[in-house]
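Novice: My structure file query-v8.txt, compact mmCIF, C-alpha atoms, is below:
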```
# COMPACT_ATOMS: atom_id res chain seq x y z
CA MET A 1 8.62 7.59 -14.06
CA TYR A 2 11.06 4.74 -13.55
CA ILE A 3 9.74 1.31 -14.53
CA ALA A 4 12.21 -1.54 -14.24
CA ARG A 5 12.62 -3.67 -17.34
CA ALA A 6 11.52 -6.77 -15.47
CA PHE A 7 8.06 -5.22 -15.02
CA ALA A 8 7.79 -4.12 -18.62
CA HIS A 9 8.88 -7.51 -19.97
CA GLN A 10 7.57 -9.84 -17.28
CA ALA A 11 7.12 -12.84 -19.56
CA GLN A 12 10.72 -12.70 -20.76
CA PHE A 13 11.98 -12.11 -17.25
CA PHE A 14 10.08 -15.06 -15.78
CA SER A 15 11.13 -17.19 -18.72
CA ALA A 16 14.79 -16.36 -18.05
CA ILE A 17 14.33 -17.43 -14.43
CA ALA A 18 12.50 -20.61 -15.41
CA GLN A 19 15.31 -21.52 -17.78
CA VAL A 20 17.87 -21.29 -14.98
CA ALA A 21 15.53 -22.99 -12.49
CA ASN A 22 15.21 -26.01 -14.79
CA ALA A 23 18.95 -26.56 -14.63
CA LEU A 24 19.19 -26.33 -10.83
CA PRO A 25 20.08 -29.44 -8.80
CA PRO A 26 17.27 -31.96 -8.15
CA GLY A 27 16.90 -30.83 -4.52
CA VAL A 28 15.15 -27.74 -5.89
CA VAL A 29 11.49 -28.52 -6.51
CA ASN A 30 10.26 -25.16 -7.68
CA VAL A 31 11.24 -21.49 -8.08
CA THR A 32 8.44 -18.93 -8.06
CA PRO A 33 9.36 -15.31 -8.79
CA THR A 34 7.07 -12.43 -7.82
CA LEU A 35 7.68 -8.82 -8.79
CA GLY A 36 7.08 -6.00 -6.35
CA THR A 37 8.88 -3.36 -4.32
CA ASP A 38 11.00 -3.87 -1.26
CA TRP A 39 10.75 -1.96 2.02
CA ASN A 40 12.87 0.85 0.62
CA GLY A 41 10.61 1.27 -2.41
CA GLU A 42 13.12 -0.33 -4.79
CA SER A 43 11.85 -2.55 -7.59
CA ALA A 44 12.46 -6.14 -6.54
CA VAL A 45 11.93 -9.76 -7.42
CA PHE A 46 11.06 -12.13 -4.61
CA MET A 47 12.06 -15.70 -5.36
CA GLU A 48 10.38 -18.43 -3.39
CA VAL A 49 12.52 -21.54 -3.73
CA ILE A 50 10.98 -24.82 -2.62
CA LEU A 51 13.39 -27.54 -1.57
CA ALA A 52 12.63 -31.25 -1.41
CA ASP A 53 12.39 -32.52 2.14
CA ASN A 54 15.62 -34.16 3.33
CA ALA A 55 17.20 -33.96 -0.14
CA ILE A 56 20.14 -32.05 1.30
CA PRO A 57 21.77 -32.98 4.62
CA ARG A 58 20.92 -30.26 7.15
CA PRO A 59 24.56 -29.19 7.76
CA GLU A 60 24.92 -28.55 4.02
CA LEU A 61 21.65 -26.70 3.55
CA LEU A 62 22.98 -23.14 3.95
CA SER A 63 25.77 -23.77 1.47
CA PHE A 64 23.28 -25.34 -0.95
CA THR A 65 20.90 -22.38 -0.77
CA LYS A 66 23.80 -20.03 -1.45
CA GLN A 67 24.74 -22.03 -4.53
CA VAL A 68 21.17 -21.86 -5.77
CA SER A 69 20.78 -18.13 -5.23
CA GLN A 70 24.17 -17.43 -6.80
CA ALA A 71 23.33 -19.54 -9.84
CA ILE A 72 20.15 -17.55 -10.39
CA VAL A 73 21.80 -14.18 -9.77
CA GLN A 74 24.79 -14.91 -11.99
CA GLN A 75 22.77 -16.25 -14.89
CA VAL A 76 19.70 -14.01 -14.79
CA ARG A 77 21.43 -10.86 -13.48
CA PRO A 78 18.20 -9.47 -12.01
CA LEU A 79 19.62 -6.08 -11.06
CA GLU A 80 22.04 -5.48 -13.89
CA GLU A 81 19.88 -6.77 -16.76
CA TRP A 82 16.37 -6.30 -15.43
CA GLY A 83 16.56 -3.50 -12.87
CA VAL A 84 15.21 -5.40 -9.87
CA LEU A 85 16.87 -6.33 -6.58
CA PRO A 86 16.65 -10.08 -5.90
CA TYR A 87 15.43 -11.50 -2.58
CA PHE A 88 15.37 -15.21 -1.79
CA ASN A 89 13.06 -17.21 0.40
CA PHE A 90 13.92 -20.89 0.85
CA LEU A 91 11.28 -23.29 2.14
CA THR A 92 11.11 -27.04 2.41
CA GLN A 93 8.13 -28.76 0.81
CA SER A 94 6.67 -29.77 4.16
CA GLU A 95 7.08 -26.27 5.59
CA GLN A 96 5.48 -24.72 2.54
CA ALA A 97 2.50 -27.04 3.03
CA GLN A 98 2.05 -25.68 6.55
CA ILE A 99 1.86 -22.06 5.49
CA LYS A 100 -1.74 -20.90 5.38
CA GLU A 101 -1.29 -17.62 3.54
CA PRO A 102 0.81 -16.74 0.48
CA SER A 103 4.32 -15.78 1.58
CA TRP A 104 4.51 -12.61 -0.45
CA ALA A 105 1.01 -11.31 0.15
CA MET B 1 31.51 -11.11 24.45
CA ALA B 2 30.61 -8.16 22.21
CA TYR B 3 27.04 -6.91 21.94
CA ALA B 4 26.69 -8.11 18.34
CA ASP B 5 27.75 -11.64 19.33
CA ASP B 6 25.29 -11.55 22.22
CA LEU B 7 22.50 -10.59 19.85
CA LEU B 8 23.37 -13.37 17.42
CA GLN B 9 23.35 -15.91 20.23
CA LEU B 10 20.06 -14.50 21.46
CA ALA B 11 18.55 -14.81 17.97
CA GLN B 12 19.52 -18.48 17.86
CA GLY B 13 18.05 -19.00 21.32
CA ILE B 14 14.75 -17.31 20.47
CA ALA B 15 14.42 -19.31 17.25
CA ASN B 16 14.73 -22.52 19.27
CA LEU B 17 12.25 -21.58 22.00
CA HIS B 18 9.48 -23.66 20.42
CA PRO B 19 11.22 -26.57 18.67
CA ASN B 20 7.98 -28.39 17.87
CA GLY B 21 6.07 -25.65 16.13
CA ALA B 22 6.20 -22.50 14.03
CA HIS B 23 5.67 -20.08 16.92
CA GLN B 24 5.35 -16.86 14.96
CA PRO B 25 6.29 -14.29 17.64
CA SER B 26 9.49 -16.19 18.44
CA LEU B 27 10.45 -16.67 14.79
CA ARG B 28 9.78 -13.00 14.04
CA ARG B 29 11.83 -11.79 17.01
CA ALA B 30 14.63 -14.18 16.07
CA LEU B 31 14.83 -12.78 12.53
CA SER B 32 14.76 -9.22 13.76
CA THR B 33 17.42 -9.89 16.38
CA ALA B 34 19.69 -11.62 13.86
CA TYR B 35 19.52 -8.57 11.62
CA TYR B 36 20.36 -6.27 14.51
CA ALA B 37 23.31 -8.50 15.37
CA LEU B 38 24.84 -7.84 11.95
CA PHE B 39 23.80 -4.18 12.03
CA HIS B 40 25.61 -3.65 15.34
CA LEU B 41 28.61 -5.71 14.28
CA LEU B 42 29.22 -3.43 11.29
CA ILE B 43 28.65 -0.26 13.30
CA SER B 44 30.95 -1.39 16.12
CA GLU B 45 33.64 -2.18 13.56
CA SER B 46 33.19 1.23 11.96
CA ILE B 47 33.73 3.12 15.20
CA ALA B 48 36.34 0.78 16.69
CA ASN B 49 39.21 3.14 15.95
CA CYS B 50 37.63 6.00 17.84
CA SER B 51 39.12 6.04 21.35
CA ASP B 52 36.75 8.49 23.07
CA PRO B 53 33.72 6.53 24.37
CA GLN B 54 31.34 9.50 24.23
CA PHE B 55 32.36 10.42 20.73
CA ARG B 56 32.16 6.73 19.75
CA ALA B 57 28.57 6.51 20.99
CA SER B 58 27.59 9.64 19.04
CA LEU B 59 29.33 8.36 15.95
CA ALA B 60 27.45 5.07 16.17
CA ARG B 61 24.13 6.89 15.99
CA ILE B 62 25.03 8.40 12.62
CA PHE B 63 24.56 5.03 10.94
CA ASP B 64 21.13 4.44 9.49
CA HIS B 65 19.43 1.38 8.03
CA GLY B 66 18.64 2.90 4.63
CA PRO B 67 22.12 4.10 3.64
CA MET B 68 23.65 0.86 5.00
CA LYS B 69 21.29 -1.19 2.83
CA GLN B 70 21.95 1.02 -0.18
CA ALA B 71 25.71 0.66 0.29
CA SER B 72 25.35 -3.11 0.64
CA ASP B 73 23.26 -3.46 -2.52
CA LYS B 74 25.81 -1.39 -4.42
CA LYS B 75 28.68 -3.49 -3.08
CA VAL B 76 26.93 -6.73 -4.03
CA SER B 77 26.37 -5.46 -7.55
CA GLU B 78 30.02 -4.36 -7.90
CA LEU B 79 31.23 -7.72 -6.63
CA ASN B 80 28.87 -9.64 -8.90
CA SER B 81 30.51 -7.83 -11.82
CA PHE B 82 33.94 -8.69 -10.42
CA PHE B 83 33.10 -12.40 -10.17
CA GLU B 84 31.61 -12.43 -13.67
CA GLN B 85 35.14 -11.79 -14.92
CA ARG B 86 36.15 -15.13 -13.38
CA PRO B 87 39.12 -13.72 -11.45
CA PRO B 88 42.01 -16.05 -10.61
CA GLU B 89 42.26 -17.62 -7.18
CA GLY B 90 44.12 -15.50 -4.68
CA THR B 91 43.78 -13.10 -1.80
CA GLU B 92 41.75 -10.51 -3.69
CA ARG B 93 39.15 -13.06 -4.74
CA THR B 94 38.95 -14.54 -1.26
CA VAL B 95 38.51 -11.14 0.38
CA LYS B 96 35.85 -10.13 -2.12
CA PHE B 97 34.06 -13.46 -1.72
CA HIS B 98 33.72 -12.86 2.01
CA LEU B 99 32.81 -9.20 1.54
CA HIS B 100 30.08 -10.27 -0.89
CA ASN B 101 28.79 -12.67 1.74
CA VAL B 102 28.61 -9.91 4.36
CA ALA B 103 27.00 -7.30 2.09
CA GLU B 104 24.48 -9.69 0.57
CA THR B 105 23.55 -11.12 3.96
CA PHE B 106 23.07 -7.62 5.35
CA SER B 107 20.75 -6.70 2.50
CA GLN B 108 18.67 -9.88 2.78
CA ALA B 109 18.62 -9.73 6.58
CA GLN B 110 17.31 -6.17 6.59
CA HIS B 111 14.53 -7.16 4.20
CA ASN B 112 13.66 -10.15 6.38
CA ARG B 113 13.70 -7.99 9.49
CA ASN B 114 11.17 -5.61 7.93
CA GLU B 115 9.04 -8.53 6.79
CA ALA B 116 9.22 -10.14 10.23
CA ASP B 117 8.43 -6.95 12.13
CA TYR B 118 5.79 -5.40 9.89
CA ASN B 119 4.29 -7.95 7.49
CA LEU B 120 2.05 -9.88 9.85
CA ILE B 121 0.34 -11.76 7.02
CA ARG B 122 3.52 -13.60 6.23
CA GLU B 123 4.05 -16.84 8.08
CA TRP B 124 7.51 -18.11 8.97
CA GLN B 125 8.75 -21.66 9.36
CA PRO B 126 11.52 -22.95 11.67
CA THR B 127 13.92 -24.28 9.02
CA GLN B 128 13.51 -21.13 6.97
CA VAL B 129 14.33 -18.93 9.97
CA SER B 130 17.22 -21.07 11.19
CA LEU B 131 18.72 -20.88 7.69
CA TYR B 132 18.56 -17.08 7.76
CA ILE B 133 20.19 -16.98 11.19
CA GLU B 134 22.89 -19.40 10.05
CA GLY B 135 23.47 -17.05 7.14
CA VAL B 136 24.04 -14.16 9.53
CA ALA B 137 26.39 -16.30 11.63
CA ASP B 138 28.27 -17.17 8.44
CA ALA B 139 28.53 -13.45 7.61
CA PHE B 140 30.06 -12.91 11.07
CA LYS B 141 32.71 -15.51 10.21
CA SER B 142 33.37 -13.90 6.84
CA TRP B 143 33.73 -10.52 8.49
CA SER B 144 36.21 -11.81 11.05
CA LEU B 145 38.42 -12.99 8.18
CA ILE B 146 38.45 -9.70 6.27
CA ARG B 147 37.92 -7.00 8.90
CA GLU B 148 41.47 -5.66 8.56
CA GLU B 149 41.36 -5.51 4.77
CA PRO B 150 41.12 -2.14 2.95
CA ALA B 151 38.12 -3.41 0.96
CA ALA B 152 36.27 -4.11 4.20
CA ARG B 153 37.14 -0.67 5.56
CA ASP B 154 35.94 0.96 2.31
CA TYR B 155 32.64 -0.92 2.64
CA LEU B 156 32.17 0.45 6.15
CA ILE B 157 32.95 3.97 4.98
CA SER B 158 30.43 3.62 2.15
CA MET B 159 27.75 2.92 4.77
CA LEU B 160 28.14 6.33 6.34
CA PRO B 161 25.25 8.53 5.30
CA SER B 162 26.14 11.64 3.37
CA ARG B 163 24.03 13.96 1.28
CA GLU B 164 26.17 13.34 -1.80
CA ARG B 165 26.02 9.58 -1.49
CA ARG B 166 22.28 9.54 -0.88
CA GLN B 167 21.73 11.52 -4.06
CA ASN B 168 24.18 9.70 -6.24
CA ASP B 169 24.36 6.14 -4.99
CA LYS B 170 22.14 3.55 -6.52
CA PRO B 171 22.75 -0.16 -6.06
CA ARG B 172 24.71 0.02 -9.28
CA SER B 173 26.57 2.98 -10.70
CA ASP B 174 25.42 2.25 -14.28
CA LYS B 175 21.96 3.26 -15.43
CA ARG B 176 19.50 0.59 -14.41
CA PRO B 177 17.51 -1.00 -17.23
CA THR B 178 14.08 0.53 -17.71
CA ILE B 179 10.97 -0.01 -19.80
CA ALA B 180 12.71 1.75 -22.69
CA ASP B 181 15.41 -0.92 -22.93
CA SER B 182 14.65 -3.96 -25.01
CA PRO B 183 15.00 -7.37 -23.33
CA ARG B 184 18.07 -9.47 -23.72
CA SER B 185 17.56 -12.13 -26.35
```
Take the structure I supplied and represent it as C-alpha cells, if you would.
Specialist:
Amino acid sequence: MYIARAFAHQAQFFSAIAQVANALPPGVVNVTPTLGTDWNGESAVFMEVILADNAIPRPELLSFTKQVSQAIVQQVRPLEEWGVLPYFNFLTQSEQAQIKEPSWA
Amino acid sequence: MAYADDLLQLAQGIANLHPNGAHQPSLRRALSTAYYALFHLLISESIANCSDPQFRASLARIFDHGPMKQASDKKVSELNSFFEQRPPEGTERTVKFHLHNVAETFSQAQHNRNEADYNLIREWQPTQVSLYIEGVADAFKSWSLIREEPAARDYLISMLPSRERRQNDKPRSDKRPTIADSPRS
C-alpha cells in the first residue's frame, strides 16, 4: 500500500511548511495545511492561506498569491520530497470570518 | 469569439451576479465554468490542425479530465525541477514559465471545479472565486504567448489518453517518497 511520506511524517512535514510560512511577506496572516486525497484519489496537501484585509492592492493580489504558492512549493517541495500534490486556497481575513463551515471538511 | 473565451467571460459574469454577497450557486457555477473555459481552450488548440470538422469533433471527445490533470501535474513537477536549476533568462525560461502557469492553473482549476460542483459543505467567497477566475484568465494569456512553441505542443500531446501513459505516468517520473523514506533533515 502506498503511503506518502507527508502522512507518515506529518509533524516534520507541517514543521517544514511552518518554517516557510514564517518567512512569507507580512500580508500573509496564516498558512494551514491539511492532508487528504484529491478528487483523483492522489495524496494531497490543501493549504489554506489567510491574507490580511487590504494588505495587498487588489490589482496585485493574483501576482502576490502566485508568489506565495511558489515560495511554498519551491522550498517545501510537497510532491518531490513528501509525495503529496499541493492545492492552494487563498482567503482574506474578513472572508474567512464569514465562512460557517471548515473549508476542507 | 471562440467558445473557450465565451466561457471565460461567462464565468466572470456569473461571479459578479451578486456583488454584495457570497451567493453560493453563482460562485460555484462561476468556478466550474472557468475550469471548462480552460479545458475547452486546450482541447480546441489540440485539434486546431485537423481540417475535417466531423473528425475534429470526434477527436475532441477523446480528451478526458483525468489524463489531462495527470499530464498537467507531471508537467508542473518537471518544470519545478527545471526552475530549481535557476536557468538563465531567455526564451526557454520564458516559455516554460508560461507553460508552468497553464499546467498549474489547469490542475488547480480542475480541483476547484470538483469542489465547487460536488462538495456542498464548502463555502466560497467572492474574492477567493474572482482570484481563481483571474488565474484562469492569466493562463489564457500565457497560452496565447506560447501556443506555437514545441513545448506547448508536447504538453497538448501528453494530455491525450493512452493505455501506456495511463499505466506509466505519475505526476513525476521518479519514485514518489513513501513511508519507507526517512524525512529530509
Novice: What lies within 12 Å of stretch 83-92 of chain B using all atoms listed in the file, ignoring chain neighbours under 6 positions off, as a PDB file with C-alpha atoms, keeping the file's coordinate frame?
Specialist:
```pdb
ATOM      1  CA  GLN A  70      24.170 -17.430  -6.800  1.00  0.00           C
ATOM      2  CA  ALA A  71      23.330 -19.540  -9.840  1.00  0.00           C
ATOM      3  CA  VAL A  73      21.800 -14.180  -9.770  1.00  0.00           C
ATOM      4  CA  GLN A  74      24.790 -14.910 -11.990  1.00  0.00           C
ATOM      5  CA  GLN A  75      22.770 -16.250 -14.890  1.00  0.00           C
ATOM      6  CA  ARG A  77      21.430 -10.860 -13.480  1.00  0.00           C
ATOM      7  CA  GLU A  80      22.040  -5.480 -13.890  1.00  0.00           C
TER       8      GLU A  80
ATOM      9  CA  VAL B  76      26.930  -6.730  -4.030  1.00  0.00           C
ATOM     10  CA  SER B  77      26.370  -5.460  -7.550  1.00  0.00           C
ATOM     11  CA  HIS B  98      33.720 -12.860   2.010  1.00  0.00           C
ATOM     12  CA  LEU B  99      32.810  -9.200   1.540  1.00  0.00           C
ATOM     13  CA  HIS B 100      30.080 -10.270  -0.890  1.00  0.00           C
ATOM     14  CA  LEU B 145      38.420 -12.990   8.180  1.00  0.00           C
ATOM     15  CA  ILE B 146      38.450  -9.700   6.270  1.00  0.00           C
ATOM     16  CA  GLU B 149      41.360  -5.510   4.770  1.00  0.00           C
ATOM     17  CA  PRO B 150      41.120  -2.140   2.950  1.00  0.00           C
ATOM     18  CA  ALA B 151      38.120  -3.410   0.960  1.00  0.00           C
ATOM     19  CA  ALA B 152      36.270  -4.110   4.200  1.00  0.00           C
TER      20      ALA B 152
END
```
Novice: Find the spatial neighbours of stretch 29-35 of chain B, counting all atoms listed in the file, within a cut-off of 9 Å - ignore same-chain residues fewer than 3 positions away - and output them as a PyMOL selection string.
Specialist: chain B and resi 7-16+24-26+38-40+106+108-110+112-114+116-117+129-130+132-133+136-137
Novice: Mind giving me the straight-line distance from atom CA of A:Asn22 to atom CA of A:Ile72 in Å, one decimal?
Specialist: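 Taking atom CA of A:Asn22 as the start and atom CA of A:Ile72 as the end point, the length is 10.7 Å.
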Novice: So that each row is one residue of chain A with an atom at most 10 Å from chain B, can you give its shortest atom pair and the distance in Å to one decimal, using only C-alpha atoms, rows by chain and rising number, as JSON lines?
Specialist:
```
{"residue": "A:Met1", "atom": "CA", "partner": "B:Thr178", "partner_atom": "CA", "distance": 9.6}
{"residue": "A:Tyr2", "atom": "CA", "partner": "B:Thr178", "partner_atom": "CA", "distance": 6.6}
{"residue": "A:Ile3", "atom": "CA", "partner": "B:Thr178", "partner_atom": "CA", "distance": 5.4}
{"residue": "A:Ala4", "atom": "CA", "partner": "B:Thr178", "partner_atom": "CA", "distance": 4.5}
{"residue": "A:Arg5", "atom": "CA", "partner": "B:Thr178", "partner_atom": "CA", "distance": 4.5}
{"residue": "A:Ala6", "atom": "CA", "partner": "B:Ile179", "partner_atom": "CA", "distance": 8.0}
{"residue": "A:Phe7", "atom": "CA", "partner": "B:Ile179", "partner_atom": "CA", "distance": 7.6}
{"residue": "A:Ala8", "atom": "CA", "partner": "B:Ile179", "partner_atom": "CA", "distance": 5.3}
{"residue": "A:His9", "atom": "CA", "partner": "B:Pro183", "partner_atom": "CA", "distance": 7.0}
{"residue": "A:Gln10", "atom": "CA", "partner": "B:Pro183", "partner_atom": "CA", "distance": 9.9}
{"residue": "A:Gln12", "atom": "CA", "partner": "B:Pro183", "partner_atom": "CA", "distance": 7.3}
{"residue": "A:Phe13", "atom": "CA", "partner": "B:Pro183", "partner_atom": "CA", "distance": 8.3}
{"residue": "A:Ala16", "atom": "CA", "partner": "B:Arg184", "partner_atom": "CA", "distance": 9.5}
{"residue": "A:Asp38", "atom": "CA", "partner": "B:His111", "partner_atom": "CA", "distance": 7.3}
{"residue": "A:Trp39", "atom": "CA", "partner": "B:His111", "partner_atom": "CA", "distance": 6.8}
{"residue": "A:Asn40", "atom": "CA", "partner": "B:Gly66", "partner_atom": "CA", "distance": 7.3}
{"residue": "A:Glu42", "atom": "CA", "partner": "B:Pro171", "partner_atom": "CA", "distance": 9.7}
{"residue": "A:Arg58", "atom": "CA", "partner": "B:Thr127", "partner_atom": "CA", "distance": 9.4}
{"residue": "A:Leu61", "atom": "CA", "partner": "B:Leu131", "partner_atom": "CA", "distance": 7.7}
{"residue": "A:Leu62", "atom": "CA", "partner": "B:Leu131", "partner_atom": "CA", "distance": 6.1}
{"residue": "A:Ser63", "atom": "CA", "partner": "B:Gly135", "partner_atom": "CA", "distance": 9.1}
{"residue": "A:Thr65", "atom": "CA", "partner": "B:Leu131", "partner_atom": "CA", "distance": 8.9}
{"residue": "A:Lys66", "atom": "CA", "partner": "B:Gly135", "partner_atom": "CA", "distance": 9.1}
{"residue": "A:Gln70", "atom": "CA", "partner": "B:Asn80", "partner_atom": "CA", "distance": 9.3}
{"residue": "A:Val73", "atom": "CA", "partner": "B:Asn80", "partner_atom": "CA", "distance": 8.4}
{"residue": "A:Gln74", "atom": "CA", "partner": "B:Asn80", "partner_atom": "CA", "distance": 7.3}
{"residue": "A:Gln75", "atom": "CA", "partner": "B:Glu84", "partner_atom": "CA", "distance": 9.7}
{"residue": "A:Arg77", "atom": "CA", "partner": "B:Asn80", "partner_atom": "CA", "distance": 8.8}
{"residue": "A:Pro78", "atom": "CA", "partner": "B:Pro177", "partner_atom": "CA", "distance": 10.0}
{"residue": "A:Leu79", "atom": "CA", "partner": "B:Arg176", "partner_atom": "CA", "distance": 7.5}
{"residue": "A:Glu80", "atom": "CA", "partner": "B:Arg176", "partner_atom": "CA", "distance": 6.6}
{"residue": "A:Glu81", "atom": "CA", "partner": "B:Pro177", "partner_atom": "CA", "distance": 6.3}
{"residue": "A:Trp82", "atom": "CA", "partner": "B:Pro177", "partner_atom": "CA", "distance": 5.7}
{"residue": "A:Gly83", "atom": "CA", "partner": "B:Pro177", "partner_atom": "CA", "distance": 5.1}
{"residue": "A:Val84", "atom": "CA", "partner": "B:Arg176", "partner_atom": "CA", "distance": 8.7}
{"residue": "A:Leu85", "atom": "CA", "partner": "B:Asp73", "partner_atom": "CA", "distance": 8.1}
{"residue": "A:Pro86", "atom": "CA", "partner": "B:Gln108", "partner_atom": "CA", "distance": 8.9}
{"residue": "A:Tyr87", "atom": "CA", "partner": "B:Gln108", "partner_atom": "CA", "distance": 6.5}
{"residue": "A:Phe88", "atom": "CA", "partner": "B:Gln108", "partner_atom": "CA", "distance": 7.8}
{"residue": "A:Asn89", "atom": "CA", "partner": "B:Gln128", "partner_atom": "CA", "distance": 7.7}
{"residue": "A:Phe90", "atom": "CA", "partner": "B:Gln128", "partner_atom": "CA", "distance": 6.1}
{"residue": "A:Leu91", "atom": "CA", "partner": "B:Gln128", "partner_atom": "CA", "distance": 5.7}
{"residue": "A:Thr92", "atom": "CA", "partner": "B:Thr127", "partner_atom": "CA", "distance": 7.7}
{"residue": "A:Ser94", "atom": "CA", "partner": "B:Gln125", "partner_atom": "CA", "distance": 9.9}
{"residue": "A:Glu95", "atom": "CA", "partner": "B:Gln125", "partner_atom": "CA", "distance": 6.2}
{"residue": "A:Gln96", "atom": "CA", "partner": "B:Gln125", "partner_atom": "CA", "distance": 8.2}
{"residue": "A:Gln98", "atom": "CA", "partner": "B:Gln125", "partner_atom": "CA", "distance": 8.3}
{"residue": "A:Ile99", "atom": "CA", "partner": "B:Glu123", "partner_atom": "CA", "distance": 6.2}
{"residue": "A:Lys100", "atom": "CA", "partner": "B:Glu123", "partner_atom": "CA", "distance": 7.6}
{"residue": "A:Glu101", "atom": "CA", "partner": "B:Arg122", "partner_atom": "CA", "distance": 6.8}
{"residue": "A:Pro102", "atom": "CA", "partner": "B:Arg122", "partner_atom": "CA", "distance": 7.1}
{"residue": "A:Ser103", "atom": "CA", "partner": "B:Arg122", "partner_atom": "CA", "distance": 5.2}
{"residue": "A:Trp104", "atom": "CA", "partner": "B:Arg122", "partner_atom": "CA", "distance": 6.8}
{"residue": "A:Ala105", "atom": "CA", "partner": "B:Ile121", "partner_atom": "CA", "distance": 6.9}
```
Novice: Restrict the selected residues to C-alpha atoms and save them as a short mmCIF file (atom, residue, chain, number, x, y, z; two decimals), in the frame of the given file.
Specialist:
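See again-v4.cif below for the written result:
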```cif
data_model
loop_
_atom_site.label_atom_id
_atom_site.label_comp_id
_atom_site.auth_asym_id
_atom_site.auth_seq_id
_atom_site.Cartn_x
_atom_site.Cartn_y
_atom_site.Cartn_z
CA MET A 1 8.62 7.59 -14.06
CA TYR A 2 11.06 4.74 -13.55
CA ILE A 3 9.74 1.31 -14.53
CA ALA A 4 12.21 -1.54 -14.24
CA ARG A 5 12.62 -3.67 -17.34
CA ALA A 6 11.52 -6.77 -15.47
CA PHE A 7 8.06 -5.22 -15.02
CA ALA A 8 7.79 -4.12 -18.62
CA HIS A 9 8.88 -7.51 -19.97
CA GLN A 10 7.57 -9.84 -17.28
CA GLN A 12 10.72 -12.70 -20.76
CA PHE A 13 11.98 -12.11 -17.25
CA ALA A 16 14.79 -16.36 -18.05
CA ASP A 38 11.00 -3.87 -1.26
CA TRP A 39 10.75 -1.96 2.02
CA ASN A 40 12.87 0.85 0.62
CA GLU A 42 13.12 -0.33 -4.79
CA ARG A 58 20.92 -30.26 7.15
CA LEU A 61 21.65 -26.70 3.55
CA LEU A 62 22.98 -23.14 3.95
CA SER A 63 25.77 -23.77 1.47
CA THR A 65 20.90 -22.38 -0.77
CA LYS A 66 23.80 -20.03 -1.45
CA GLN A 70 24.17 -17.43 -6.80
CA VAL A 73 21.80 -14.18 -9.77
CA GLN A 74 24.79 -14.91 -11.99
CA GLN A 75 22.77 -16.25 -14.89
CA ARG A 77 21.43 -10.86 -13.48
CA PRO A 78 18.20 -9.47 -12.01
CA LEU A 79 19.62 -6.08 -11.06
CA GLU A 80 22.04 -5.48 -13.89
CA GLU A 81 19.88 -6.77 -16.76
CA TRP A 82 16.37 -6.30 -15.43
CA GLY A 83 16.56 -3.50 -12.87
CA VAL A 84 15.21 -5.40 -9.87
CA LEU A 85 16.87 -6.33 -6.58
CA PRO A 86 16.65 -10.08 -5.90
CA TYR A 87 15.43 -11.50 -2.58
CA PHE A 88 15.37 -15.21 -1.79
CA ASN A 89 13.06 -17.21 0.40
CA PHE A 90 13.92 -20.89 0.85
CA LEU A 91 11.28 -23.29 2.14
CA THR A 92 11.11 -27.04 2.41
CA SER A 94 6.67 -29.77 4.16
CA GLU A 95 7.08 -26.27 5.59
CA GLN A 96 5.48 -24.72 2.54
CA GLN A 98 2.05 -25.68 6.55
CA ILE A 99 1.86 -22.06 5.49
CA LYS A 100 -1.74 -20.90 5.38
CA GLU A 101 -1.29 -17.62 3.54
CA PRO A 102 0.81 -16.74 0.48
CA SER A 103 4.32 -15.78 1.58
CA TRP A 104 4.51 -12.61 -0.45
CA ALA A 105 1.01 -11.31 0.15
#
```
Novice: Using all atoms listed in the file, which of A:Phe46, A:Leu35, A:Gly27, A:Gly41 sits nearest A:Glu60?
Specialist: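 Using all atoms listed in the file, A:Glu60 sits closest to A:Gly27.
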Novice: If I only want stretch 126-136 of chain B, can you write it with N, CA and C atoms, as a PDB file, in the first residue's frame?
Specialist:
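Final file, part05.pdb:
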```pdb
ATOM      1  N   PRO B 126     -16.454  35.685  -2.497  1.00  0.00           N
ATOM      2  CA  PRO B 126     -16.285  36.374  -3.789  1.00  0.00           C
ATOM      3  C   PRO B 126     -14.826  36.662  -4.184  1.00  0.00           C
ATOM      4  N   THR B 127     -14.029  37.154  -3.244  1.00  0.00           N
ATOM      5  CA  THR B 127     -12.635  37.467  -3.610  1.00  0.00           C
ATOM      6  C   THR B 127     -11.881  36.203  -3.991  1.00  0.00           C
ATOM      7  N   GLN B 128     -12.118  35.159  -3.218  1.00  0.00           N
ATOM      8  CA  GLN B 128     -11.495  33.867  -3.468  1.00  0.00           C
ATOM      9  C   GLN B 128     -11.831  33.376  -4.883  1.00  0.00           C
ATOM     10  N   VAL B 129     -13.094  33.452  -5.252  1.00  0.00           N
ATOM     11  CA  VAL B 129     -13.534  32.972  -6.565  1.00  0.00           C
ATOM     12  C   VAL B 129     -13.008  33.875  -7.679  1.00  0.00           C
ATOM     13  N   SER B 130     -13.057  35.184  -7.449  1.00  0.00           N
ATOM     14  CA  SER B 130     -12.578  36.082  -8.517  1.00  0.00           C
ATOM     15  C   SER B 130     -11.075  35.899  -8.733  1.00  0.00           C
ATOM     16  N   LEU B 131     -10.353  35.559  -7.671  1.00  0.00           N
ATOM     17  CA  LEU B 131      -8.913  35.279  -7.826  1.00  0.00           C
ATOM     18  C   LEU B 131      -8.690  34.045  -8.693  1.00  0.00           C
ATOM     19  N   TYR B 132      -9.471  32.999  -8.453  1.00  0.00           N
ATOM     20  CA  TYR B 132      -9.342  31.783  -9.262  1.00  0.00           C
ATOM     21  C   TYR B 132      -9.650  32.084 -10.730  1.00  0.00           C
ATOM     22  N   ILE B 133     -10.690  32.872 -10.962  1.00  0.00           N
ATOM     23  CA  ILE B 133     -11.068  33.165 -12.352  1.00  0.00           C
ATOM     24  C   ILE B 133      -9.997  34.042 -13.014  1.00  0.00           C
ATOM     25  N   GLU B 134      -9.461  34.976 -12.257  1.00  0.00           N
ATOM     26  CA  GLU B 134      -8.344  35.781 -12.785  1.00  0.00           C
ATOM     27  C   GLU B 134      -7.163  34.886 -13.142  1.00  0.00           C
ATOM     28  N   GLY B 135      -6.951  33.871 -12.321  1.00  0.00           N
ATOM     29  CA  GLY B 135      -5.860  32.926 -12.592  1.00  0.00           C
ATOM     30  C   GLY B 135      -6.077  32.209 -13.908  1.00  0.00           C
ATOM     31  N   VAL B 136      -7.315  31.821 -14.174  1.00  0.00           N
ATOM     32  CA  VAL B 136      -7.621  31.153 -15.451  1.00  0.00           C
ATOM     33  C   VAL B 136      -7.427  32.140 -16.611  1.00  0.00           C
TER      34      VAL B 136
END
```
